[in-house]
file query.txt (compact mmCIF, C-alpha atoms)
# COMPACT_ATOMS: atom_id res chain seq x y z
CA MET I 1 -9.35 -12.71 0.02
CA ARG I 2 -7.37 -12.05 -3.14
CA SER I 3 -4.77 -14.63 -4.09
CA VAL I 4 -2.02 -12.02 -4.60
CA VAL I 5 -1.58 -8.70 -2.82
CA ILE I 6 0.79 -6.15 -4.34
CA ALA I 7 1.85 -2.94 -2.59
CA ASP I 8 3.16 0.41 -3.74
CA ALA I 9 5.79 2.13 -1.58
CA GLY I 10 3.58 4.89 -0.15
CA PRO I 11 1.33 2.64 1.96
CA LEU I 12 4.33 0.65 3.19
CA ILE I 13 6.13 3.80 4.27
CA ALA I 14 3.00 5.30 5.84
CA LEU I 15 2.19 2.20 7.87
CA SER I 16 5.80 1.75 8.94
CA ARG I 17 6.03 5.37 10.15
CA ILE I 18 3.14 4.77 12.56
CA ASP I 19 4.32 1.30 13.61
CA ALA I 20 1.37 -0.40 11.90
CA LEU I 21 3.12 -2.22 9.04
CA ASP I 22 2.42 -5.61 10.59
CA VAL I 23 -1.29 -5.07 9.92
CA LEU I 24 -0.56 -6.01 6.31
CA ARG I 25 0.89 -9.37 7.34
CA HIS I 26 -2.09 -10.14 9.54
CA LEU I 27 -4.59 -9.15 6.87
CA PHE I 28 -2.95 -10.58 3.76
CA GLY I 29 -0.24 -13.03 4.82
CA GLN I 30 2.27 -12.23 2.12
CA VAL I 31 2.63 -8.95 0.24
CA LEU I 32 4.47 -8.69 -3.07
CA VAL I 33 6.51 -5.66 -4.14
CA THR I 34 8.51 -4.89 -7.23
CA GLU I 35 12.19 -3.99 -7.19
CA GLU I 36 11.24 -0.37 -7.85
CA VAL I 37 8.89 -0.31 -4.86
CA ARG I 38 11.49 -2.01 -2.67
CA ASP I 39 14.07 0.60 -3.69
CA GLU I 40 11.66 3.45 -2.90
CA ALA I 41 10.76 1.93 0.47
CA LEU I 42 14.37 1.19 1.41
CA PRO I 43 16.39 4.18 0.17
CA ALA I 44 19.95 4.83 1.30
CA ALA I 45 18.76 7.59 3.64
CA ASP I 46 17.24 6.54 6.93
CA TYR I 47 13.70 7.49 8.01
CA LEU I 48 11.31 6.61 10.80
CA GLY I 49 9.87 3.19 10.01
CA LYS I 50 12.47 2.05 7.49
CA ALA I 51 13.73 -0.65 9.86
CA LEU I 52 10.23 -2.17 10.04
CA ILE I 53 10.13 -2.54 6.26
CA ALA I 54 13.58 -4.15 6.25
CA GLN I 55 12.43 -6.53 9.02
CA ALA I 56 9.33 -7.46 6.99
CA PHE I 57 11.58 -8.47 4.06
CA GLU I 58 13.82 -10.45 6.43
CA ALA I 59 10.77 -12.18 7.95
CA GLY I 60 9.64 -13.21 4.47
CA TRP I 61 6.12 -11.81 4.42
CA LEU I 62 7.12 -8.77 2.35
CA VAL I 63 8.53 -10.29 -0.82
CA CYS I 64 10.34 -8.97 -3.86
CA PRO I 65 10.62 -11.95 -6.20
CA GLY I 66 12.88 -10.22 -8.72
CA PRO I 67 12.56 -8.28 -11.94
CA PHE I 68 9.30 -8.30 -13.84
CA GLU I 69 9.62 -7.81 -17.57
CA THR I 70 6.91 -5.71 -19.17
CA SER I 71 6.49 -3.37 -22.09
CA TRP I 72 3.36 -1.79 -20.60
CA GLN I 73 3.31 1.99 -20.35
CA PRO I 74 0.80 3.97 -18.28
CA THR I 75 -1.65 6.43 -19.77
CA ASN I 76 -0.43 8.97 -17.21
CA PRO I 77 3.30 9.61 -17.70
CA GLY I 78 3.45 11.28 -14.26
CA LEU I 79 3.41 8.01 -12.32
CA ASP I 80 6.63 7.24 -10.48
CA ALA I 81 8.64 4.08 -11.11
CA GLY I 82 7.11 2.23 -8.15
CA GLU I 83 3.54 2.98 -9.16
CA ARG I 84 4.23 2.05 -12.79
CA SER I 85 5.87 -1.23 -11.84
CA ALA I 86 3.20 -2.19 -9.28
CA ILE I 87 0.42 -1.58 -11.81
CA ALA I 88 2.33 -3.44 -14.53
CA VAL I 89 2.68 -6.49 -12.28
CA ALA I 90 -0.97 -6.26 -11.23
CA LEU I 91 -1.96 -6.37 -14.90
CA LYS I 92 -0.18 -9.73 -15.19
CA MET I 93 -1.88 -11.20 -12.10
CA PRO I 94 -5.63 -11.60 -12.39
CA ASP I 95 -7.57 -11.40 -9.14
CA CYS I 96 -4.83 -9.49 -7.34
CA LEU I 97 -5.33 -6.60 -4.94
CA LEU I 98 -3.15 -3.50 -5.29
CA ILE I 99 -2.45 -1.36 -2.21
CA ILE I 100 -1.93 2.16 -3.53
CA ASP I 101 -2.72 5.69 -2.36
CA ASP I 102 -1.44 7.99 -5.09
CA ARG I 103 -4.44 9.55 -6.86
CA ALA I 104 -3.00 9.22 -10.38
CA GLY I 105 -1.87 5.67 -9.68
CA ARG I 106 -5.30 4.71 -8.38
CA ALA I 107 -6.96 6.19 -11.46
CA GLU I 108 -4.57 4.31 -13.75
CA ALA I 109 -5.21 1.03 -11.91
CA LYS I 110 -8.98 1.55 -11.97
CA SER I 111 -8.87 2.23 -15.72
CA HIS I 112 -7.44 -1.29 -16.11
CA HIS I 113 -10.01 -2.82 -13.72
CA ILE I 114 -7.41 -3.65 -11.06
CA ALA I 115 -8.86 -4.07 -7.56
CA ILE I 116 -7.34 -1.44 -5.27
CA ILE I 117 -7.31 -0.54 -1.61
CA GLY I 118 -5.68 2.42 0.11
CA THR I 119 -3.94 2.84 3.43
CA ALA I 120 -7.04 4.26 5.14
CA ALA I 121 -9.17 1.31 4.01
CA VAL I 122 -6.45 -1.13 5.12
CA ILE I 123 -6.63 0.41 8.59
CA GLY I 124 -10.43 0.20 8.49
CA LEU I 125 -10.24 -3.45 7.47
CA ALA I 126 -7.82 -4.11 10.33
CA LYS I 127 -10.41 -2.72 12.73
CA LEU I 128 -13.18 -4.85 11.21
CA GLN I 129 -10.97 -7.95 11.49
CA GLY I 130 -10.29 -7.20 15.17
CA LEU I 131 -6.58 -6.50 14.66
CA ILE I 132 -6.85 -3.03 16.18
CA PRO I 133 -9.46 -1.77 18.67
CA ALA I 134 -10.26 1.40 16.72
CA ALA I 135 -9.26 2.90 13.37
CA ARG I 136 -9.50 6.61 14.18
CA PRO I 137 -6.48 6.76 16.52
CA VAL I 138 -4.35 4.94 13.94
CA LEU I 139 -5.57 7.15 11.07
CA ASP I 140 -4.96 10.24 13.21
CA ARG I 141 -1.27 9.32 13.48
CA LEU I 142 -0.67 9.41 9.71
CA GLN I 143 -0.54 13.16 9.11
CA PRO I 144 1.80 13.95 12.04
CA ALA I 145 4.04 11.18 10.67
CA GLY I 146 4.21 13.01 7.33
CA TYR I 147 1.61 11.08 5.35
CA PHE I 148 -1.45 12.97 4.14
CA ILE I 149 -4.75 11.29 3.36
CA HIS I 150 -7.61 13.66 2.60
CA PRO I 151 -10.01 14.04 5.55
CA ARG I 152 -12.95 13.07 3.31
CA ILE I 153 -11.34 9.69 2.66
CA ILE I 154 -10.68 9.15 6.35
CA GLU I 155 -14.24 10.11 7.28
CA ALA I 156 -15.66 7.82 4.57
CA VAL I 157 -13.65 4.87 5.91
CA LEU I 158 -14.68 5.62 9.48
CA GLN I 159 -18.32 5.84 8.44
CA ASP I 160 -18.05 2.53 6.52
CA ILE I 161 -16.74 0.75 9.62
CA GLY I 162 -19.13 2.39 12.05
CA GLU I 163 -16.73 4.69 13.89

call {"tool": "encode", "arguments": {"input": "query.txt", "output": "structure tokens"}}
result
Amino acid sequence: MRSVVIADAGPLIALSRIDALDVLRHLFGQVLVTEEVRDEALPAADYLGKALIAQAFEAGWLVCPGPFETSWQPTNPGLDAGERSAIAVALKMPDCLLIIDDRAGRAEAKSHHIAIIGTAAVIGLAKLQGLIPAARPVLDRLQPAGYFIHPRIIEAVLQDIGE
């Protein structure tokens, strides 16, 4: 297991919308987020799953330690503030794992040799670790909850875990 796990907002929101956010705690113990990610995940407007994210912060396993100073700028200027900040922090923490789904963000992280995992693979890992009985039903709840992961990615994860 990686010593530090950092998350972007998208996976947090996706997992919270399908009531599966706690999978992150069981898999990784503590998950670090930047202020920008926290602000994206806990906007003023309410949404399905927001309360689960707030509860994770209150429980102490989802942690925002404060501002991270960096002058790093991404190659792709189209990354949002959360993605930029999560990658910038990952660059400062060797041997970390970054949970990120955005295609441009993943490409940027990979270009800097940051280990990444996406929401679909997190769900697959949860199945392999015995935290959920099957991954497909959980993955099938993402799109109706407003979170799109390409079917090829979902099928690849399911094939990798033998479902």

call {"tool": "closest_residue", "arguments": {"input": "query.txt", "among": "I:Leu27, I:Met93, I:Ala59, I:Ile99", "to": "Ile132 of chain I", "atoms": "only C-alpha atoms"}}
result
I:Leu27

call {"tool": "closest_atom_pairs", "arguments": {"input": "query.txt", "of": "segment 90-156 of chain I", "to": "segment 64-84 of chain I", "cutoff": "12 Å", "atoms": "all atoms listed in the file", "output": "Markdown table"}}
result
| residue | atom | partner | partner_atom | distance |
| --- | --- | --- | --- | --- |
| I:Ala90 | CA | I:Arg84 | CA | 9.9 |
| I:Leu91 | CA | I:Trp72 | CA | 9.0 |
| I:Lys92 | CA | I:Thr70 | CA | 9.1 |
| I:Met93 | CA | I:Phe68 | CA | 11.7 |
| I:Leu98 | CA | I:Glu83 | CA | 10.1 |
| I:Ile99 | CA | I:Glu83 | CA | 10.1 |
| I:Ile100 | CA | I:Glu83 | CA | 7.9 |
| I:Asp101 | CA | I:Glu83 | CA | 9.6 |
| I:Asp102 | CA | I:Glu83 | CA | 8.2 |
| I:Arg103 | CA | I:Leu79 | CA | 9.7 |
| I:Ala104 | CA | I:Leu79 | CA | 6.8 |
| I:Gly105 | CA | I:Glu83 | CA | 6.1 |
| I:Arg106 | CA | I:Glu83 | CA | 9.0 |
| I:Ala107 | CA | I:Asn76 | CA | 9.1 |
| I:Glu108 | CA | I:Thr75 | CA | 7.0 |
| I:Ala109 | CA | I:Pro74 | CA | 9.2 |
| I:Lys110 | CA | I:Thr75 | CA | 11.8 |
| I:Ser111 | CA | I:Thr75 | CA | 9.3 |
| I:His112 | CA | I:Pro74 | CA | 10.0 |

call {"tool": "residues_near_point", "arguments": {"input": "query.txt", "point": "(7.1, 1.0, 3.8)", "cutoff": "8 Å", "atoms": "all atoms listed in the file", "output": "compact mmCIF listing (two decimals) with C-alpha atoms, keeping the file's coordinate frame"}}
result
# COMPACT_ATOMS: atom_id res chain seq x y z
CA ALA I 9 5.79 2.13 -1.58
CA GLY I 10 3.58 4.89 -0.15
CA PRO I 11 1.33 2.64 1.96
CA LEU I 12 4.33 0.65 3.19
CA ILE I 13 6.13 3.80 4.27
CA ALA I 14 3.00 5.30 5.84
CA LEU I 15 2.19 2.20 7.87
CA SER I 16 5.80 1.75 8.94
CA ARG I 17 6.03 5.37 10.15
CA LEU I 21 3.12 -2.22 9.04
CA ALA I 41 10.76 1.93 0.47
CA LEU I 42 14.37 1.19 1.41
CA GLY I 49 9.87 3.19 10.01
CA LYS I 50 12.47 2.05 7.49
CA LEU I 52 10.23 -2.17 10.04
CA ILE I 53 10.13 -2.54 6.26

call {"tool": "residues_near_point", "arguments": {"input": "query.txt", "point": "(-8.6, -11.8, -11.6)", "cutoff": "10 Å", "atoms": "all atoms listed in the file", "output": "PyMOL selection string"}}
result
chain I and resi 2-4+90-97+113-115

call {"tool": "closest_residue", "arguments": {"input": "query.txt", "among": "I:Leu125, I:Ala145, I:Ala135, I:Ile161", "to": "Asp19 of chain I", "atoms": "only C-alpha atoms"}}
result
I:Ala145

call {"tool": "closest_residue", "arguments": {"input": "query.txt", "among": "I:Gly146, I:Gly29, I:Gly124, I:Gly118", "to": "Gly162 of chain I", "atoms": "all atoms listed in the file"}}
result
I:Gly124

call {"tool": "atom_distance", "arguments": {"input": "query.txt", "atom1": "atom CA of His150 of chain I", "atom2": "atom CA of Ala45 of chain I"}}
result
27.1 Å

call {"tool": "atom_distance", "arguments": {"input": "query.txt", "atom1": "atom CA of Ile117 of chain I", "atom2": "atom CA of Asp46 of chain I"}}
result
26.9 Å

call {"tool": "closest_residue", "arguments": {"input": "query.txt", "among": "I:Val89, I:Ala126, I:Leu48, I:Ala134", "to": "Ile18 of chain I", "atoms": "all atoms listed in the file"}}
result
I:Leu48

call {"tool": "atom_distance", "arguments": {"input": "query.txt", "atom1": "atom CA of Val122 of chain I", "atom2": "atom CA of Ile153 of chain I"}}
result
12.1 Å

call {"tool": "closest_residue", "arguments": {"input": "query.txt", "among": "I:Pro133, I:Tyr147, I:Lys127, I:Val33", "to": "Phe57 of chain I", "atoms": "all atoms listed in the file"}}
result
I:Val33

call {"tool": "closest_residue", "arguments": {"input": "query.txt", "among": "I:Ala120, I:Val63, I:Leu142, I:Leu158", "to": "Glu35 of chain I", "atoms": "only C-alpha atoms"}}
result
I:Val63

call {"tool": "build_atoms", "arguments": {"input": "query.txt", "residues": "segment 141-152 of chain I", "atoms": "all heavy atoms", "output": "CSV table (one decimal), in the frame of the given file"}}
result
chain,number,residue,atom,x,y,z
I,141,ARG,N,-2.7,9.3,13.4
I,141,ARG,CA,-1.3,9.3,13.5
I,141,ARG,C,-0.6,9.5,12.1
I,141,ARG,O,0.6,9.8,12.1
I,141,ARG,CB,-0.7,8.0,14.2
I,141,ARG,CG,-1.2,7.9,15.6
I,141,ARG,CD,-0.5,6.9,16.4
I,141,ARG,NE,0.1,5.7,15.7
I,141,ARG,CZ,-0.3,4.5,15.8
I,141,ARG,NH1,-1.4,4.2,16.6
I,141,ARG,NH2,0.3,3.5,15.2
I,142,LEU,N,-1.3,9.3,11.0
I,142,LEU,CA,-0.7,9.4,9.7
I,142,LEU,C,-0.1,10.8,9.4
I,142,LEU,O,1.0,10.9,9.0
I,142,LEU,CB,-1.6,8.9,8.6
I,142,LEU,CG,-1.9,7.4,8.6
I,142,LEU,CD1,-3.1,7.1,7.7
I,142,LEU,CD2,-0.6,6.7,8.1
I,143,GLN,N,-1.0,11.8,9.5
I,143,GLN,CA,-0.5,13.2,9.1
I,143,GLN,C,0.6,13.7,9.9
I,143,GLN,O,1.6,14.2,9.4
I,143,GLN,CB,-1.7,14.2,9.1
I,143,GLN,CG,-1.3,15.5,8.5
I,143,GLN,CD,-2.5,16.4,8.2
I,143,GLN,OE1,-3.6,16.0,8.4
I,143,GLN,NE2,-2.2,17.6,7.7
I,144,PRO,N,0.6,13.5,11.3
I,144,PRO,CA,1.8,14.0,12.0
I,144,PRO,C,3.1,13.2,11.7
I,144,PRO,O,4.2,13.7,11.8
I,144,PRO,CB,1.4,13.7,13.5
I,144,PRO,CG,-0.1,13.7,13.5
I,144,PRO,CD,-0.5,13.1,12.2
I,145,ALA,N,2.9,12.0,11.1
I,145,ALA,CA,4.0,11.2,10.7
I,145,ALA,C,4.5,11.5,9.2
I,145,ALA,O,5.4,10.9,8.7
I,145,ALA,CB,3.7,9.7,10.7
I,146,GLY,N,3.8,12.5,8.7
I,146,GLY,CA,4.2,13.0,7.3
I,146,GLY,C,3.5,12.4,6.2
I,146,GLY,O,3.9,12.4,5.0
I,147,TYR,N,2.3,11.7,6.4
I,147,TYR,CA,1.6,11.1,5.4
I,147,TYR,C,0.2,11.6,5.3
I,147,TYR,O,-0.6,11.4,6.3
I,147,TYR,CB,1.6,9.6,5.6
I,147,TYR,CG,1.3,8.8,4.3
I,147,TYR,CD1,2.3,8.6,3.3
I,147,TYR,CD2,0.0,8.3,4.1
I,147,TYR,CE1,2.0,7.9,2.2
I,147,TYR,CE2,-0.2,7.5,2.9
I,147,TYR,CZ,0.7,7.4,2.0
I,147,TYR,OH,0.5,6.7,0.8
I,148,PHE,N,-0.2,12.3,4.2
I,148,PHE,CA,-1.4,13.0,4.1
I,148,PHE,C,-2.5,12.1,3.4
I,148,PHE,O,-2.2,11.6,2.3
I,148,PHE,CB,-1.3,14.3,3.4
I,148,PHE,CG,-2.6,15.0,3.3
I,148,PHE,CD1,-3.2,15.7,4.3
I,148,PHE,CD2,-3.3,15.0,2.1
I,148,PHE,CE1,-4.4,16.3,4.2
I,148,PHE,CE2,-4.5,15.6,1.9
I,148,PHE,CZ,-5.1,16.3,3.0
I,149,ILE,N,-3.6,11.9,4.0
I,149,ILE,CA,-4.8,11.3,3.4
I,149,ILE,C,-5.9,12.3,3.6
I,149,ILE,O,-6.1,12.8,4.7
I,149,ILE,CB,-5.1,9.9,4.0
I,149,ILE,CG1,-4.0,8.9,3.7
I,149,ILE,CG2,-6.4,9.4,3.4
I,149,ILE,CD1,-4.2,7.5,4.3
I,150,HIS,N,-6.6,12.6,2.5
I,150,HIS,CA,-7.6,13.7,2.6
I,150,HIS,C,-8.6,13.3,3.7
I,150,HIS,O,-9.1,12.1,3.8
I,150,HIS,CB,-8.3,13.8,1.3
I,150,HIS,CG,-9.0,15.1,1.1
I,150,HIS,ND1,-10.3,15.3,1.7
I,150,HIS,CD2,-8.7,16.3,0.5
I,150,HIS,CE1,-10.7,16.5,1.5
I,150,HIS,NE2,-9.7,17.1,0.8
I,151,PRO,N,-9.0,14.3,4.5
I,151,PRO,CA,-10.0,14.0,5.6
I,151,PRO,C,-11.3,13.4,5.1
I,151,PRO,O,-11.9,12.6,5.8
I,151,PRO,CB,-10.3,15.4,6.1
I,151,PRO,CG,-9.0,16.2,5.8
I,151,PRO,CD,-8.5,15.7,4.5
I,152,ARG,N,-11.7,13.7,3.8
I,152,ARG,CA,-13.0,13.1,3.3
I,152,ARG,C,-12.8,11.6,3.2
I,152,ARG,O,-13.7,10.8,3.4
I,152,ARG,CB,-13.3,13.7,2.0
I,152,ARG,CG,-14.0,15.0,2.0
I,152,ARG,CD,-14.4,15.5,0.7
I,152,ARG,NE,-13.2,15.5,-0.2
I,152,ARG,CZ,-13.1,16.2,-1.2
I,152,ARG,NH1,-14.0,17.0,-1.6
I,152,ARG,NH2,-11.9,16.2,-1.9
